[in-house]
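Remarks on the structure that follows.
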Amino acid sequence: MKKSIQTFLLLTLFFHEACSQSTSSNPSTPTGNLAVVEAFPGLSFTRPVDFQNAGDNTNRVFVVEQRGVISVFQNESTVTSKSTFLDIEAQVDDSGNEEGLLGLAFHPNYSSNGYFYVNYTASSPNRTVISRFSVSSANPNQADPSSELVLLEFEQPYSNHNGGQISFGPDGFLYIAVGDGGSGGDPKGNGQNRNTLLGTILRIDVDQTNGADNYAIPSDNPFINNNQGFREEIYAYGLRNPWRFSFDSQNGQLWVGDVGQNRYEEIDLIQKGGNYGWNTMEGFHCFNSSNCNQTGLELPVWEYDRSKGDISVTGGYVYRGPSIQELQGLYIYADYVSGRIWSLDISNPSSPVNTELFDTDFAISSFGVDQNQELYICGFDDKIYKFSH
């Protein structure tokens, strides 16, 4: 489906550097009568970028708006009202199209400790902030805005490639996606520099502290106790702009969609200590032709190019919900700009099968799951969608 010129220009500005190309993906008509429908027709949101549940069996869902607001409401299709769970718009800088309140994660023991974590951009200086907040003791649908505890801050040299996803892994540690610092082509060489937090997936222990730090380094992080000055928070590196990652709820595999520079978008399976190649590689291809030593690099499980108007990957989830049996075990992801949604089957790693499911008419900023592992889609048309028969 076609978008208006105005919408196309807006999306081009949002990811103005993320030009990529689309490899052959064997588009096909989905089996049965699978459709994408509005999940909550009575609600709308301003630039939704994340969808989470608290893991507390309350059947609530939380939607993150890029401007700095988190809403909470019951996961019912007939819902017509929502509550403001947290409003930190005054301290969030969303002046750049890839800045703002970008991620939300609930502590695995949220039901007992009330802790949740956010990833947002702040200004003066321009920086990423990872903070912990607490839910109000008087109202489970409202956070205590005065409870902020800053865990980690680091400067962002440019206004793009902030990454933004945060999530607790099966191991109970907090994982943080960080872009390469921005501009184009990684001018500061952050992707291959382990002395910086940029261009990485980080992994920290939020239940311990270390000196002045409000977190600790897990004892099995790959670069702990190194003598080369590498940041010990790093779990994996060589990433350009990891825009959405998720853990397979069945086997714990960590999937990342990494936005490309000029030609290719990629899907990665993250391994501890892995180097995912940026800016030596873009997808399976040399980006830096003068220095393309691929020794020790982890290659993607899938890439696509821009031949069909796809420009910026949005990482998704391996579907494990009970409702759509034909998607079981498949990785569902999208392109932010084109609105196309695919499934990826890597059960045979040497011959992955990528299938186009839908060509939507809205930009797709993120995916999320509810407490039953059903999949939801954040549309930048201010709506939340889901799959339905």
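We label chains A, B, ... in the order they appear in the structure tokens, count residues from 1 in each chain, and number ligands from 1 in the order shown.
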
I'd like to know which residues of segment 27-155 of chain A are alpha helix (DSSP H) (by DSSP, run on the backbone); could you write them as an NGL selection string? :A and (110-113)

Near Pro322 of chain A, within 8 Å and counting only C-alpha atoms, which residues show up once chain neighbours fewer than 3 positions away are dropped, as number ranges by chain? A: 325, 372-374

Quick one: residues within 8 Å of Gly257 of chain A, only C-alpha atoms, excluding same-chain residues fewer than 6 positions away - as a VMD selection string? chain A and resid 242 to 245 265 to 268 313 to 316

Export of prior selection with N, CA and C atoms as a compact mmCIF listing (two decimals), in the first residue's frame:
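Final output, result_7.txt:
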```txt
# COMPACT_ATOMS: atom_id res chain seq x y z
N PRO A 242 21.25 -0.88 16.91
CA PRO A 242 20.37 -2.02 17.21
C PRO A 242 18.99 -1.52 17.62
N TRP A 243 18.07 -1.53 16.63
CA TRP A 243 16.72 -1.00 16.87
C TRP A 243 15.77 -2.15 17.15
N ARG A 244 15.73 -2.49 18.38
CA ARG A 244 14.86 -3.50 18.97
C ARG A 244 15.52 -4.89 18.98
N PHE A 245 15.54 -5.42 20.20
CA PHE A 245 16.00 -6.79 20.40
C PHE A 245 15.01 -7.50 21.30
N GLU A 265 20.10 -3.99 5.66
CA GLU A 265 19.60 -4.17 7.02
C GLU A 265 19.91 -5.61 7.45
N GLU A 266 20.10 -5.82 8.75
CA GLU A 266 20.48 -7.17 9.16
C GLU A 266 19.77 -7.62 10.42
N ILE A 267 19.62 -8.94 10.51
CA ILE A 267 19.11 -9.62 11.70
C ILE A 267 20.26 -10.44 12.28
N ASP A 268 20.52 -10.26 13.57
CA ASP A 268 21.63 -10.94 14.23
C ASP A 268 21.13 -11.79 15.38
N VAL A 313 15.31 -1.50 9.48
CA VAL A 313 14.75 -2.69 10.12
C VAL A 313 14.23 -2.35 11.52
N THR A 314 13.12 -2.96 11.88
CA THR A 314 12.59 -2.96 13.24
C THR A 314 12.61 -4.39 13.74
N GLY A 315 13.49 -4.67 14.69
CA GLY A 315 13.57 -6.02 15.22
C GLY A 315 12.30 -6.42 15.95
N GLY A 316 12.01 -7.72 15.95
CA GLY A 316 10.77 -8.20 16.54
C GLY A 316 10.97 -9.31 17.55
```

For atom CA of Val118 of chain A and atom CA of Leu102 of chain A, determine how far apart the two atoms are, in Å to one decimal place.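 Distance reported for this atom pair: 7.6 Å.
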
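Between atom CA of Ser159 of chain A and atom CA of Gly182 of chain A lies a distance of 6.5 Å.
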
Which residues are near segment 270-274 of chain A? Cut-off 6 Å, only C-alpha atoms, ignore same chain within fewer than 6 positions. Put them as a VMD selection string. chain A and resid 222 235 to 236 254

Written selection (C-alpha atoms) as a PDB file, in the first residue's frame:
```pdb
ATOM      1  CA  PRO A 222      33.073 -11.388  28.363  1.00  0.00           C
ATOM      2  CA  TYR A 235      28.201  -8.115  26.164  1.00  0.00           C
ATOM      3  CA  ALA A 236      28.534  -7.807  22.362  1.00  0.00           C
ATOM      4  CA  LEU A 254      18.886 -12.996  21.760  1.00  0.00           C
TER       5      LEU A 254
END
```

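Distances here use only C-alpha atoms; by that measure, the residue among A:Val353, A:Leu299, A:Leu344, A:Ile88 closest to Ser146 of chain A is A:Ile88.
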
Contacts of segment 375-385 of chain A at 6 Å (only C-alpha atoms; same-chain gap of 4+ positions) as a list in words: Val37, Glu38, Ala39, Ser44, Phe45, Thr46, Arg47, Pro48, Ala363, Ile364, Ser365, Ser366, Phe367, Gly368 and Val369 of chain A

Go ahead and dump the residues you just picked, N, CA and C atoms, as a PDB file, in the first residue's frame.
```pdb
ATOM      1  N   VAL A  37      -4.866  -6.093  12.723  1.00  0.00           N
ATOM      2  CA  VAL A  37      -6.021  -5.297  13.145  1.00  0.00           C
ATOM      3  C   VAL A  37      -5.622  -4.405  14.312  1.00  0.00           C
ATOM      4  N   GLU A  38      -6.388  -3.343  14.528  1.00  0.00           N
ATOM      5  CA  GLU A  38      -6.156  -2.509  15.694  1.00  0.00           C
ATOM      6  C   GLU A  38      -6.435  -3.315  16.957  1.00  0.00           C
ATOM      7  N   ALA A  39      -5.522  -3.267  17.885  1.00  0.00           N
ATOM      8  CA  ALA A  39      -5.700  -4.006  19.131  1.00  0.00           C
ATOM      9  C   ALA A  39      -6.599  -3.273  20.111  1.00  0.00           C
ATOM     10  N   SER A  44      -5.500   5.971  21.422  1.00  0.00           N
ATOM     11  CA  SER A  44      -4.444   6.420  20.516  1.00  0.00           C
ATOM     12  C   SER A  44      -3.269   6.907  21.349  1.00  0.00           C
ATOM     13  N   PHE A  45      -2.104   6.961  20.716  1.00  0.00           N
ATOM     14  CA  PHE A  45      -0.868   7.286  21.414  1.00  0.00           C
ATOM     15  C   PHE A  45      -0.039   8.224  20.542  1.00  0.00           C
ATOM     16  N   THR A  46       0.815   8.996  21.170  1.00  0.00           N
ATOM     17  CA  THR A  46       1.683   9.908  20.447  1.00  0.00           C
ATOM     18  C   THR A  46       3.055   9.270  20.249  1.00  0.00           C
ATOM     19  N   ARG A  47       3.349   8.875  19.031  1.00  0.00           N
ATOM     20  CA  ARG A  47       4.634   8.256  18.680  1.00  0.00           C
ATOM     21  C   ARG A  47       4.996   7.095  19.618  1.00  0.00           C
ATOM     22  N   PRO A  48       4.200   6.031  19.616  1.00  0.00           N
ATOM     23  CA  PRO A  48       4.517   4.888  20.472  1.00  0.00           C
ATOM     24  C   PRO A  48       5.764   4.156  19.982  1.00  0.00           C
ATOM     25  N   ALA A 363       3.963   3.172   9.496  1.00  0.00           N
ATOM     26  CA  ALA A 363       5.332   2.918   9.939  1.00  0.00           C
ATOM     27  C   ALA A 363       5.310   2.080  11.210  1.00  0.00           C
ATOM     28  N   ILE A 364       6.261   1.154  11.322  1.00  0.00           N
ATOM     29  CA  ILE A 364       6.298   0.221  12.450  1.00  0.00           C
ATOM     30  C   ILE A 364       7.527   0.523  13.290  1.00  0.00           C
ATOM     31  N   SER A 365       7.290   1.040  14.496  1.00  0.00           N
ATOM     32  CA  SER A 365       8.407   1.450  15.343  1.00  0.00           C
ATOM     33  C   SER A 365       8.886   0.353  16.275  1.00  0.00           C
ATOM     34  N   SER A 366       8.012  -0.596  16.614  1.00  0.00           N
ATOM     35  CA  SER A 366       8.405  -1.594  17.598  1.00  0.00           C
ATOM     36  C   SER A 366       7.386  -2.726  17.652  1.00  0.00           C
ATOM     37  N   PHE A 367       7.797  -3.812  18.290  1.00  0.00           N
ATOM     38  CA  PHE A 367       6.919  -4.923  18.632  1.00  0.00           C
ATOM     39  C   PHE A 367       6.944  -5.105  20.151  1.00  0.00           C
ATOM     40  N   GLY A 368       5.963  -5.817  20.665  1.00  0.00           N
ATOM     41  CA  GLY A 368       5.942  -6.155  22.077  1.00  0.00           C
ATOM     42  C   GLY A 368       5.041  -7.347  22.307  1.00  0.00           C
ATOM     43  N   VAL A 369       5.101  -7.904  23.508  1.00  0.00           N
ATOM     44  CA  VAL A 369       4.252  -9.047  23.840  1.00  0.00           C
ATOM     45  C   VAL A 369       3.523  -8.780  25.146  1.00  0.00           C
TER      46      VAL A 369
END
```

Quick one: residues within 8 Å of Glu99 of chain A, only C-alpha atoms counted, chain neighbours fewer than 6 positions away excluded, as a list in words? Gln66, Asp93, Tyr120, Thr121, Ser159, Asn160 and Asn162 of chain A

With N, CA and C atoms retained, export the selected residues as a short mmCIF file (atom, residue, chain, number, x, y, z; two decimals), in the first residue's frame.
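That gives us again.cif:
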```
data_model
loop_
_atom_site.label_atom_id
_atom_site.label_comp_id
_atom_site.auth_asym_id
_atom_site.auth_seq_id
_atom_site.Cartn_x
_atom_site.Cartn_y
_atom_site.Cartn_z
N GLN A 66 7.40 8.31 22.73
CA GLN A 66 8.74 8.85 22.56
C GLN A 66 8.94 10.18 23.28
N ASP A 93 14.75 14.60 26.15
CA ASP A 93 15.06 15.36 24.94
C ASP A 93 14.68 14.51 23.73
N TYR A 120 16.32 6.76 28.25
CA TYR A 120 15.89 8.00 27.61
C TYR A 120 17.08 8.89 27.28
N THR A 121 16.84 9.84 26.38
CA THR A 121 17.84 10.82 25.99
C THR A 121 17.63 12.10 26.80
N SER A 159 22.87 13.13 17.31
CA SER A 159 21.48 12.98 17.73
C SER A 159 20.82 11.71 17.21
N ASN A 160 21.54 10.90 16.46
CA ASN A 160 20.94 9.67 15.93
C ASN A 160 21.71 8.45 16.43
N ASN A 162 20.71 6.09 18.72
CA ASN A 162 20.67 5.96 20.18
C ASN A 162 20.37 4.53 20.64
#
```
